[in-house]
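Next comes entry24.tsv, with TSV, C-alpha atoms.
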chain	number	residue	atom	x	y	z
A	171	MET	CA	-57.71	-45.34	-23.00
A	172	SER	CA	-54.88	-44.20	-25.21
A	173	PRO	CA	-55.33	-44.13	-28.99
A	174	ALA	CA	-54.32	-47.12	-31.07
A	175	LYS	CA	-50.77	-46.86	-32.39
A	176	ARG	CA	-50.17	-46.82	-36.10
A	177	LEU	CA	-48.17	-49.82	-37.31
A	178	PRO	CA	-44.82	-49.02	-38.94
A	179	SER	CA	-45.70	-51.05	-42.03
A	180	LYS	CA	-48.51	-53.12	-43.48
A	181	ARG	CA	-48.78	-56.81	-42.75
A	182	PHE	CA	-51.27	-59.64	-43.00
A	183	TYR	CA	-52.59	-61.61	-40.05
A	184	GLY	CA	-51.61	-64.87	-41.75
A	185	LYS	CA	-50.41	-65.82	-45.21
A	186	GLY	CA	-52.42	-63.03	-46.78
A	187	LEU	CA	-52.91	-62.57	-50.49
A	188	SER	CA	-50.14	-63.75	-52.78
A	189	GLY	CA	-48.46	-61.27	-55.08
A	190	VAL	CA	-49.19	-58.21	-52.95
A	191	PRO	CA	-46.05	-56.19	-52.15
A	192	LEU	CA	-46.87	-54.76	-48.74
A	193	ASP	CA	-44.51	-51.83	-49.12
A	194	SER	CA	-46.69	-50.63	-52.01
A	195	LEU	CA	-49.69	-50.07	-49.69
A	196	LYS	CA	-49.30	-46.39	-48.92
A	197	GLY	CA	-52.81	-45.65	-47.65
A	198	MET	CA	-54.38	-46.20	-44.24
A	199	LEU	CA	-56.99	-48.74	-43.14
A	200	ILE	CA	-59.23	-47.61	-40.30
A	201	VAL	CA	-61.90	-49.95	-38.92
A	202	ILE	CA	-65.03	-49.03	-36.96
A	203	GLU	CA	-66.59	-52.04	-35.24
A	204	GLY	CA	-69.75	-52.33	-33.21
A	205	PRO	CA	-73.21	-53.94	-33.29
A	206	ASP	CA	-76.18	-52.68	-35.27
A	207	GLY	CA	-77.58	-49.77	-33.29
A	208	SER	CA	-74.24	-48.66	-31.87
A	209	GLY	CA	-74.09	-45.74	-34.31
A	210	ARG	CA	-71.26	-47.39	-36.25
A	211	SER	CA	-72.41	-46.51	-39.77
A	212	THR	CA	-73.20	-42.95	-38.69
A	213	GLN	CA	-69.68	-42.57	-37.33
A	214	VAL	CA	-68.19	-43.91	-40.55
A	215	GLU	CA	-70.11	-41.24	-42.48
A	216	PHE	CA	-68.97	-38.54	-40.04
A	217	LEU	CA	-65.36	-39.67	-40.40
A	218	LYS	CA	-65.63	-39.79	-44.17
A	219	SER	CA	-66.88	-36.21	-44.33
A	220	TRP	CA	-64.28	-35.02	-41.84
A	221	LEU	CA	-61.38	-36.69	-43.63
A	222	GLU	CA	-62.53	-35.54	-47.06
A	223	SER	CA	-62.76	-31.97	-45.75
A	224	ARG	CA	-59.09	-32.30	-44.83
A	225	GLY	CA	-58.17	-33.33	-48.35
A	226	HIS	CA	-57.99	-37.12	-47.96
A	227	ALA	CA	-59.32	-39.46	-50.63
A	228	ILE	CA	-61.65	-42.04	-49.05
A	229	VAL	CA	-62.92	-45.49	-49.98
A	230	ASP	CA	-65.44	-47.16	-47.66
A	231	ILE	CA	-66.18	-50.86	-47.35
A	232	GLY	CA	-68.46	-53.03	-45.23
A	233	LEU	CA	-70.12	-56.41	-44.97
A	234	LYS	CA	-72.14	-57.79	-47.89
A	235	ARG	CA	-70.79	-55.30	-50.42
A	236	SER	CA	-68.76	-57.44	-52.81
A	237	ASN	CA	-69.83	-57.75	-56.43
A	238	LEU	CA	-69.18	-61.47	-56.21
A	239	VAL	CA	-71.61	-62.72	-53.54
A	240	SER	CA	-73.37	-59.82	-51.81
A	241	LYS	CA	-76.68	-60.32	-53.60
A	242	GLN	CA	-76.73	-64.08	-53.01
A	243	LEU	CA	-75.69	-63.65	-49.39
A	244	GLY	CA	-78.48	-61.17	-48.76
A	245	GLU	CA	-81.06	-63.48	-50.30
A	246	ILE	CA	-79.87	-66.46	-48.26
A	247	LEU	CA	-79.85	-64.49	-45.01
A	248	ASP	CA	-83.45	-63.43	-45.65
A	249	GLY	CA	-84.37	-67.10	-45.81
A	250	ASN	CA	-82.74	-67.91	-42.44
A	251	VAL	CA	-81.57	-71.25	-43.83
A	252	LEU	CA	-77.74	-71.36	-43.74
A	253	ASN	CA	-75.75	-73.52	-41.34
A	254	PRO	CA	-72.87	-71.78	-39.50
A	255	VAL	CA	-70.03	-73.17	-41.63
A	256	THR	CA	-71.65	-72.27	-44.95
A	257	LEU	CA	-72.49	-68.82	-43.62
A	258	SER	CA	-68.86	-68.34	-42.54
A	259	LEU	CA	-67.59	-69.26	-45.99
A	260	PHE	CA	-70.03	-66.90	-47.72
A	261	TYR	CA	-68.92	-63.99	-45.54
A	262	ALA	CA	-65.25	-64.90	-45.99
A	263	THR	CA	-65.73	-64.88	-49.76
A	264	ASP	CA	-67.44	-61.49	-49.56
A	265	PHE	CA	-64.53	-60.13	-47.52
A	266	ALA	CA	-61.80	-61.65	-49.73
A	267	ASP	CA	-63.37	-60.19	-52.87
A	268	GLN	CA	-63.45	-56.70	-51.36
A	269	LEU	CA	-59.90	-57.08	-50.04
A	270	GLU	CA	-58.50	-58.00	-53.44
A	271	ASN	CA	-60.57	-55.70	-55.63
A	272	ILE	CA	-61.27	-52.66	-53.46
A	273	MET	CA	-58.99	-52.39	-50.42
A	274	ILE	CA	-55.66	-53.36	-51.96
A	275	PRO	CA	-56.02	-51.12	-55.05
A	276	ALA	CA	-57.19	-48.21	-52.88
A	277	LEU	CA	-54.29	-48.57	-50.44
A	278	LYS	CA	-51.83	-48.79	-53.32
A	279	ALA	CA	-53.22	-45.51	-54.61
A	280	GLY	CA	-52.72	-43.89	-51.20
A	281	TYR	CA	-56.41	-43.73	-50.28
A	282	MET	CA	-57.72	-43.98	-46.75
A	283	VAL	CA	-59.99	-47.01	-46.43
A	284	LEU	CA	-62.80	-46.79	-43.85
A	285	ALA	CA	-64.28	-50.15	-42.90
A	286	ASP	CA	-67.80	-50.27	-41.52
A	287	ARG	CA	-67.00	-53.54	-39.69
A	288	TYR	CA	-64.20	-55.90	-40.61
A	289	ILE	CA	-63.22	-59.50	-39.92
A	290	TYR	CA	-63.71	-59.12	-36.17
A	291	THR	CA	-67.50	-59.06	-36.40
A	292	LEU	CA	-67.38	-62.16	-38.59
A	293	MET	CA	-65.04	-63.93	-36.20
A	294	ALA	CA	-67.13	-63.03	-33.14
A	295	ARG	CA	-70.32	-64.28	-34.80
A	296	ASP	CA	-68.67	-67.56	-35.78
A	297	LEU	CA	-67.10	-68.14	-32.38
A	298	VAL	CA	-70.40	-67.53	-30.58
A	299	ARG	CA	-71.93	-70.13	-32.88
A	300	GLY	CA	-69.35	-72.71	-31.85
A	301	SER	CA	-66.84	-72.55	-34.69
A	302	ASP	CA	-63.30	-73.70	-33.99
A	303	ARG	CA	-61.15	-70.70	-33.04
A	304	GLN	CA	-58.06	-71.92	-34.88
A	305	TRP	CA	-60.05	-72.56	-38.07
A	306	ILE	CA	-61.63	-69.09	-37.92
A	307	GLU	CA	-58.27	-67.39	-37.36
A	308	SER	CA	-56.82	-69.33	-40.28
A	309	LEU	CA	-59.82	-68.48	-42.50
A	310	TYR	CA	-59.22	-64.76	-41.97
A	311	GLY	CA	-55.44	-64.96	-42.11
A	312	LEU	CA	-55.68	-63.28	-45.52
A	313	ALA	CA	-56.78	-60.03	-43.88
A	314	LEU	CA	-54.61	-56.95	-43.63
A	315	VAL	CA	-53.86	-55.70	-40.14
A	316	PRO	CA	-55.59	-52.29	-39.88
A	317	ASP	CA	-53.76	-49.13	-38.87
A	318	ALA	CA	-56.42	-48.61	-36.19
A	319	VAL	CA	-59.53	-50.40	-34.93
A	320	PHE	CA	-62.22	-48.71	-32.84
A	321	TYR	CA	-64.92	-50.77	-31.15
A	322	LEU	CA	-68.12	-48.94	-30.23
A	323	LYS	CA	-69.22	-50.57	-26.99
A	324	ILE	CA	-72.85	-50.14	-25.97
A	325	ASN	CA	-75.23	-51.63	-23.43
A	326	PRO	CA	-77.22	-54.48	-25.09
A	327	LYS	CA	-80.50	-53.22	-23.62
A	328	GLN	CA	-79.91	-49.82	-25.17
A	329	LEU	CA	-79.29	-51.63	-28.46
A	330	VAL	CA	-82.80	-53.07	-28.23
A	331	GLU	CA	-84.28	-49.59	-27.89
A	332	ARG	CA	-82.26	-48.20	-30.79
A	333	ASN	CA	-83.11	-51.11	-33.09
A	334	PHE	CA	-86.82	-50.81	-32.31
A	335	LEU	CA	-86.72	-47.06	-32.94
A	336	LYS	CA	-84.96	-47.59	-36.27
A	337	ASN	CA	-86.62	-50.75	-37.61
A	338	ALA	CA	-89.60	-51.42	-35.31
A	339	THR	CA	-88.32	-54.99	-35.02
A	340	LEU	CA	-85.27	-57.10	-34.17
A	341	ASN	CA	-83.17	-58.91	-36.75
A	342	TYR	CA	-83.27	-62.72	-36.72
A	343	TRP	CA	-79.49	-63.16	-37.01
A	344	GLU	CA	-78.56	-60.24	-34.75
A	345	SER	CA	-80.83	-61.79	-32.13
A	346	GLY	CA	-79.07	-65.15	-32.35
A	347	MET	CA	-82.37	-66.90	-32.99
A	348	ASP	CA	-80.56	-69.57	-35.05
A	349	ILE	CA	-78.63	-70.85	-32.02
A	350	GLY	CA	-81.53	-71.40	-29.63
A	351	LEU	CA	-80.66	-68.97	-26.83
A	352	SER	CA	-84.34	-68.32	-26.14
A	353	ARG	CA	-87.67	-68.59	-27.93
A	354	ASP	CA	-88.35	-64.98	-26.99
A	355	MET	CA	-86.60	-62.72	-29.53
A	356	PHE	CA	-86.07	-59.88	-27.06
A	357	GLU	CA	-84.39	-62.15	-24.51
A	358	SER	CA	-82.40	-63.91	-27.24
A	359	PHE	CA	-81.19	-60.57	-28.62
A	360	VAL	CA	-79.87	-59.41	-25.25
A	361	ARG	CA	-78.15	-62.75	-24.55
A	362	TYR	CA	-76.64	-62.91	-28.02
A	363	GLN	CA	-75.34	-59.34	-27.93
A	364	LYS	CA	-73.74	-59.99	-24.53
A	365	LEU	CA	-71.96	-63.03	-25.99
A	366	ILE	CA	-70.77	-61.00	-28.98
A	367	GLN	CA	-69.58	-58.20	-26.72
A	368	SER	CA	-67.66	-60.69	-24.58
A	369	GLU	CA	-65.87	-61.97	-27.69
A	370	PHE	CA	-65.00	-58.42	-28.72
A	371	MET	CA	-63.59	-57.64	-25.29
A	372	ARG	CA	-61.47	-60.77	-25.52
A	373	MET	CA	-60.29	-59.85	-29.01
A	374	SER	CA	-59.54	-56.27	-27.97
A	375	SER	CA	-56.55	-57.42	-25.94
A	376	ILE	CA	-55.34	-59.64	-28.79
A	377	TYR	CA	-55.80	-57.29	-31.73
A	378	GLY	CA	-55.32	-53.94	-30.03
A	379	PHE	CA	-58.76	-52.35	-30.35
A	380	THR	CA	-59.49	-48.93	-28.93
A	381	ILE	CA	-62.74	-49.17	-26.94
A	382	VAL	CA	-65.11	-46.23	-27.37
A	383	ASP	CA	-68.17	-45.66	-25.17
A	384	ALA	CA	-71.10	-45.59	-27.63
A	385	ASN	CA	-73.76	-45.04	-24.98
A	386	ARG	CA	-73.14	-41.30	-25.46
A	387	SER	CA	-74.41	-38.92	-28.13
A	388	ALA	CA	-73.23	-39.36	-31.73
A	389	ARG	CA	-71.49	-35.97	-31.55
A	390	ARG	CA	-69.41	-36.88	-28.50
A	391	VAL	CA	-68.43	-40.22	-30.02
A	392	SER	CA	-67.46	-38.49	-33.26
A	393	MET	CA	-65.29	-35.95	-31.45
A	394	GLU	CA	-63.47	-38.73	-29.61
A	395	LEU	CA	-62.85	-40.70	-32.80
A	396	GLN	CA	-61.49	-37.64	-34.59
A	397	ALA	CA	-59.19	-36.83	-31.66
A	398	LYS	CA	-57.80	-40.36	-31.67
A	399	ILE	CA	-57.41	-40.68	-35.44
A	400	GLU	CA	-55.82	-37.29	-36.10
A	401	PRO	CA	-52.41	-38.18	-34.56
A	402	LEU	CA	-52.25	-41.32	-36.72
A	403	ILE	CA	-52.55	-39.47	-40.02
A	404	PRO	CA	-49.21	-38.64	-41.68
A	405	SER	CA	-48.65	-34.91	-42.05
Please re-express this file's structure in structure tokens.
Amino acid sequence: MSPAKRLPSKRFYGKGLSGVPLDSLKGMLIVIEGPDGSGRSTQVEFLKSWLESRGHAIVDIGLKRSNLVSKQLGEILDGNVLNPVTLSLFYATDFADQLENIMIPALKAGYMVLADRYIYTLMARDLVRGSDRQWIESLYGLALVPDAVFYLKINPKQLVERNFLKNATLNYWESGMDIGLSRDMFESFVRYQKLIQSEFMRMSSIYGFTIVDANRSARRVSMELQAKIEPLIPS
């Protein structure tokens, strides 16, 4: 698959944030998507080190990192008590706060922003849980269109092995236990991850993702990402 093409200028998916002159956003936004266990966070760290070694200033973002709601969101997720709509709004607030207070200032300053997941994970989760597609797309219309998005695709059964090796358990939400796919967490995890992956494959044709095979070693994935990102970086 050919590398994602860099957009000629910044734009929002929808109305975006008011008062943001898009021509002032000189930096790049690169997104790495993929489920827990795909090696996503490892690849973000590899990319950060690689880009910094080449003289680029980096800011990294991810889910549940805003100063506004990250603590509350983490506490609520631990309780497994939120309904899908409330959960969507919490995550959207977390994203909007980071967009306004971290991403936009960094891009204005010419930094490269690395996103360890972006709105696509949030959208996929919501859609699998039955949220209205038009409402979800409108909710995240404030998001900037990234310069490149890479989706780390991995076999769901391999995800089970990696998650057990790392955590010795499976996560309630990442197993889709809240939507009644199965009473068995292992079976629910596999079914849920297949549904999420199907949504990502659908979105890849809409949003222009580059699909990367994450069933391989971290080194091989890293080399592929670097090879595909390098041509996008202005000289």
Legend entry - Using only C-alpha atoms: which of A:Gly184, A:Pro401, A:Pro191, A:Gly204 has the shortest distance to Gly311 (chain A): A:Gly184
Legend entry - Residue with smallest distance to Val214 (chain A) - pool A:Leu195, A:Met373, A:Ile228, A:Val360, counting only C-alpha atoms: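 Between A:Leu195, A:Met373, A:Ile228, A:Val360, the residue approaching Val214 (chain A) most closely is A:Ile228.
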Legend entry - Spatial neighbours of region 324-339 of chain A, 12 Å, all atoms listed in the file, chain gap at least 2 places, as JSON, numbers by chain: {"A": [203, 204, 205, 206, 207, 208, 209, 210, 321, 322, 341, 342, 344, 345, 355, 356, 357, 358, 359, 360, 361, 362, 363, 364, 365, 366, 367, 368, 370, 371, 381, 382, 383, 384, 385, 386, 387, 391]}
Inset, instruction - Pick out the residues sitting within 10 Å of Leu292 (chain A), and hand them over as an MDAnalysis selection string; count only C-alpha atoms, and ignore anything fewer than 4 positions along from it in its own chain. - result: chainID A and resid 233 257:258 261:262 265 287:288 296:297 306 310
Legend entry - Pairwise distance for CA of Val229 (chain A) and CA of Leu284 (chain A), rounded to one decimal in Å: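 Rounded to one decimal, the two atoms are 6.3 Å apart.
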Inset, instruction - Please write as a ChimeraX atom specification the list of polymer residues whose atoms come within 10 Å of (-60.4, -54.8, -51.3), counting all atoms listed in the file and keeping to the coordinates of the file. - result: /A:229-231,236,264-277,283,313-314
Inset, instruction - Using only C-alpha atoms, find the one residue out of A:Leu238, A:Leu312, A:Met198, A:Leu247 that sits nearest to Phe182 (chain A). - result: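 Closest residue, counting only C-alpha atoms: A:Leu312.
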Inset, instruction - With a distance cut-off of 8 Å and only C-alpha atoms, select the neighbouring residues of Leu192 (chain A), excluding the residue or stretch itself and same-chain residues fewer than 5 positions from it, and output the selection as an MDAnalysis selection string. - result: chainID A and resid 179:181
Inset, instruction - Select, from A:Gly186, A:Leu217, A:Ser375, A:Val315, the residue with the minimum atom-to-atom distance to Ala388 (chain A), counting only C-alpha atoms. - result: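 Nearest to Ala388 (chain A): A:Leu217.
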Inset, instruction - Using all atoms listed in the file, find the one residue out of A:Ile289, A:Phe379, A:Gly232, A:Ser301 that sits nearest to Thr256 (chain A). - result: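 Closest to Thr256 (chain A) of all the choices is A:Ser301.
The space between CA of Tyr281 (chain A) and CA of Lys196 (chain A) spans 7.7 Å.
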Legend entry - Nearest to Glu394 (chain A) by atom-to-atom distance, counting only C-alpha atoms, from A:Gly197, A:Ser308, A:Gln213, A:Gly189: A:Gln213
